[in-house]
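K.L.:
Structure in structure tokens, see below.
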Amino acid sequence: MAALLLQLAVLGAGLAAAALILISFVAFITATEVPHHRHEEEKFFLNATGRKEALPSIWDSPTKQLSVVVPSYNEEKRLPMMMDEALGYLEERQKRDPTFTYEVIVVDDGSKDQTSEVAFKYCQKHGSDKVRVITLLKNRGKGGAIRMGIFSSRGEKILMADADGATKFPDIEKLEKGLNDLQPWPDQMAIACGSRAHLEKESIAQRSYFRTLLMYGFHFLVWFLCVKGIRDTQCGFKLLTREAASRTFSSLHVERWAFDVELLYIAQFFKIPIAEIAVNWTEIEGSKLVPFWSWLQMGKDLLFIRLRYLTGAWRLEQTRKVN
């Protein structure tokens with residue numbers, strides 16, 4: 001009996017090793033380069049009068065204190081509430097402090113609705129120096145949309161903010177304080193991540209056991225495979241210094257939902273200091289995530305992120321510049 005159990009254990013270990021080798025091989029041969037292609041039409045934006053102007057580059061010197069990048073896919077209904085709150089806060093802050101400068105960049109990620117048109121109304125109202133709309137020809141995914149916005153930003157600091165307005169925009173001040181508390185910044189790089197981890201107990205009480213199990217499974221995979229020390233990697237409210245944004249996003253491969261994890265994996269590789277800051281967050285109807293399949297896809301992405309870096313399919317360079 002003992003001999004049979006030993007044989008079964010050896011067979012199981014062998015099958016597991018073979019499966020890991022096969023998955024690693026698949027991850028390696030399906031790995032793609034950092035997706036830097038930008039269609040010619042995506043290099044321009046329309047100013048408030050409807051005329052084309054060339055977008056700036058992340059590699060230019062900053063001319064604003066803050067850039068807000070808002071990835072948007074089919075967000076014609078939810079975007080106005082977020083933009084009204086954000087611009088209301090930013091305009092009031094500028095009245096209190098006339099030296100404060102900002103821009104909001106809405107990136108329409110290949111929407112099939114009127115997202116660009118809705119966003120452009122804010123450009124017409126506030127001017128294209130404050131509000132710009134980048135319309136992507138096809139859907140890239142949230143990470144790809146944010147990358148396009150960041151590469152066209154002018155801010156010393158860059159805020160990622162979801163179009164649903166789930167995080168209260170004035171909480172940016174909490175992130176700014178968290179960022180400042182990390183000083184001195186190595187090579188002017190630092191990141192402050194908004195976090196909903198403090199709301200976990202409340203959310204568990206409202207979720208089914210199955211969704212709670214999926215959540216814990218995802219958190220374990222993030223910790224085990226990629227990112228240590230960050231309890232909530234997926235909150236869409238993140239503030240980066242310009243240098244941290246250019247360093248991380250120029251190395252980012254994943255363009256869809258798991259991009260946050262690779263972003264923080266890259267940041268930890270480069271030893272960029274990261275603060276996790278509790279923010280006010282409310283679930284807004286209309287999420288694009290389909291609970292089971294989205295979690296399954298992200299789980300696969302996490303495994304492939306780890307395996308592609310381990311096998312050398314993806315490599316991180318100390319310096320990388322993207323035009």
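In the structure tokens, chains take letters A, B, ... by order of appearance, with residues numbered from 1 within each chain and ligands from 1 in the order shown.
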Could you name the residues that touch A:Ser111 at 10 Å or less, counting only C-alpha atoms, but leaving out those on the same chain fewer than 2 positions away, as a ChimeraX atom specification?
P.N.:
/A:72-76,107-109,113-116,135-139
K.L.:
What parts of stretch 150-307 of chain A does DSSP call strand (DSSP E or B)? I'd like the answer as an MDAnalysis selection string.
P.N.:
chainID A and resid 155:160 167 191:195 238:241 274:278 281
K.L.:
Find the residue from A:Arg308, A:Lys271, A:Arg38, A:Lys77 that sits nearest to A:Ala244; use only C-alpha atoms when measuring.
P.N.:
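Using only C-alpha atoms, the shortest distance to A:Ala244 belongs to A:Lys271.
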K.L.:
What separation in Å, quoted to one decimal, exists between atom CA of A:Phe237 and atom CA of A:Asn280?
P.N.:
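Distance reported for this atom pair: 10.5 Å.
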K.L.:
Calculated over only C-alpha atoms, which of the candidates A:Cys123, A:Ala54, A:Ile191, A:Ile230 has the smallest distance to A:Leu87?
P.N.:
A:Cys123
K.L.:
Output as number ranges by chain all residues of stretch 59-271 of chain A that backbone DSSP marks as alpha helix (DSSP H).
P.N.:
A: 79-96, 115-126, 142-150, 172-180, 200-206, 209-221, 242-249, 259-269
K.L.:
Using Å and a single decimal, report how far atom CA of A:Leu175 sits from atom CA of A:Arg132.
P.N.:
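If I compute the distance from atom CA of A:Arg132 to atom CA of A:Leu175, I get 23.3 Å.
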K.L.:
Given only C-alpha atoms as the basis, pick out the residue of A:Ser152, A:Ser246, A:Gln234, A:Gln297 nearest to A:Val106.
P.N.:
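Of A:Ser152, A:Ser246, A:Gln234, A:Gln297, the one nearest A:Val106, counting only C-alpha atoms, is A:Ser152.
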K.L.:
Extract, using only C-alpha atoms, all DNA, RNA and protein residues at most 7 Å from A:Ala190, discarding same-chain residues fewer than 3 positions from it, and format them as a ChimeraX atom specification.
P.N.:
/A:179,185,240-241,244,272-274
K.L.:
From the options A:Phe151, A:Trp257, A:Phe169, A:Trp223, which residue's atoms come nearest to A:Lys238, counting only C-alpha atoms?
P.N.:
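Closest to A:Lys238, using only C-alpha atoms: A:Phe169.
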K.L.:
Please list as a PyMOL selection string every residue within 8 Å of stretch 170-173 of chain A, counting only C-alpha atoms and excluding residues in the same chain fewer than 6 positions away.
P.N.:
chain A and resi 86+89+239+279-280
K.L.:
May I have the selected residues written with C-alpha atoms, as an mmCIF file, in the first residue's frame?
P.N.:
```cif
data_model
loop_
_atom_site.group_PDB
_atom_site.id
_atom_site.type_symbol
_atom_site.label_atom_id
_atom_site.label_comp_id
_atom_site.auth_asym_id
_atom_site.auth_seq_id
_atom_site.Cartn_x
_atom_site.Cartn_y
_atom_site.Cartn_z
ATOM 1 C CA ALA A 86 -13.427 66.078 -10.972
ATOM 2 C CA TYR A 89 -12.873 70.037 -7.559
ATOM 3 C CA LEU A 239 -1.014 58.806 -8.476
ATOM 4 C CA VAL A 279 -9.830 56.051 -0.156
ATOM 5 C CA ASN A 280 -13.593 56.474 -0.160
#
```
K.L.:
Mind checking which residues fall within 10 Å of A:Asp129, counting only C-alpha atoms, ignoring those fewer than 3 positions away in the same chain, and posting them as an MDAnalysis selection string?
P.N.:
chainID A and resid 47:48 64 101:104 123 126 132
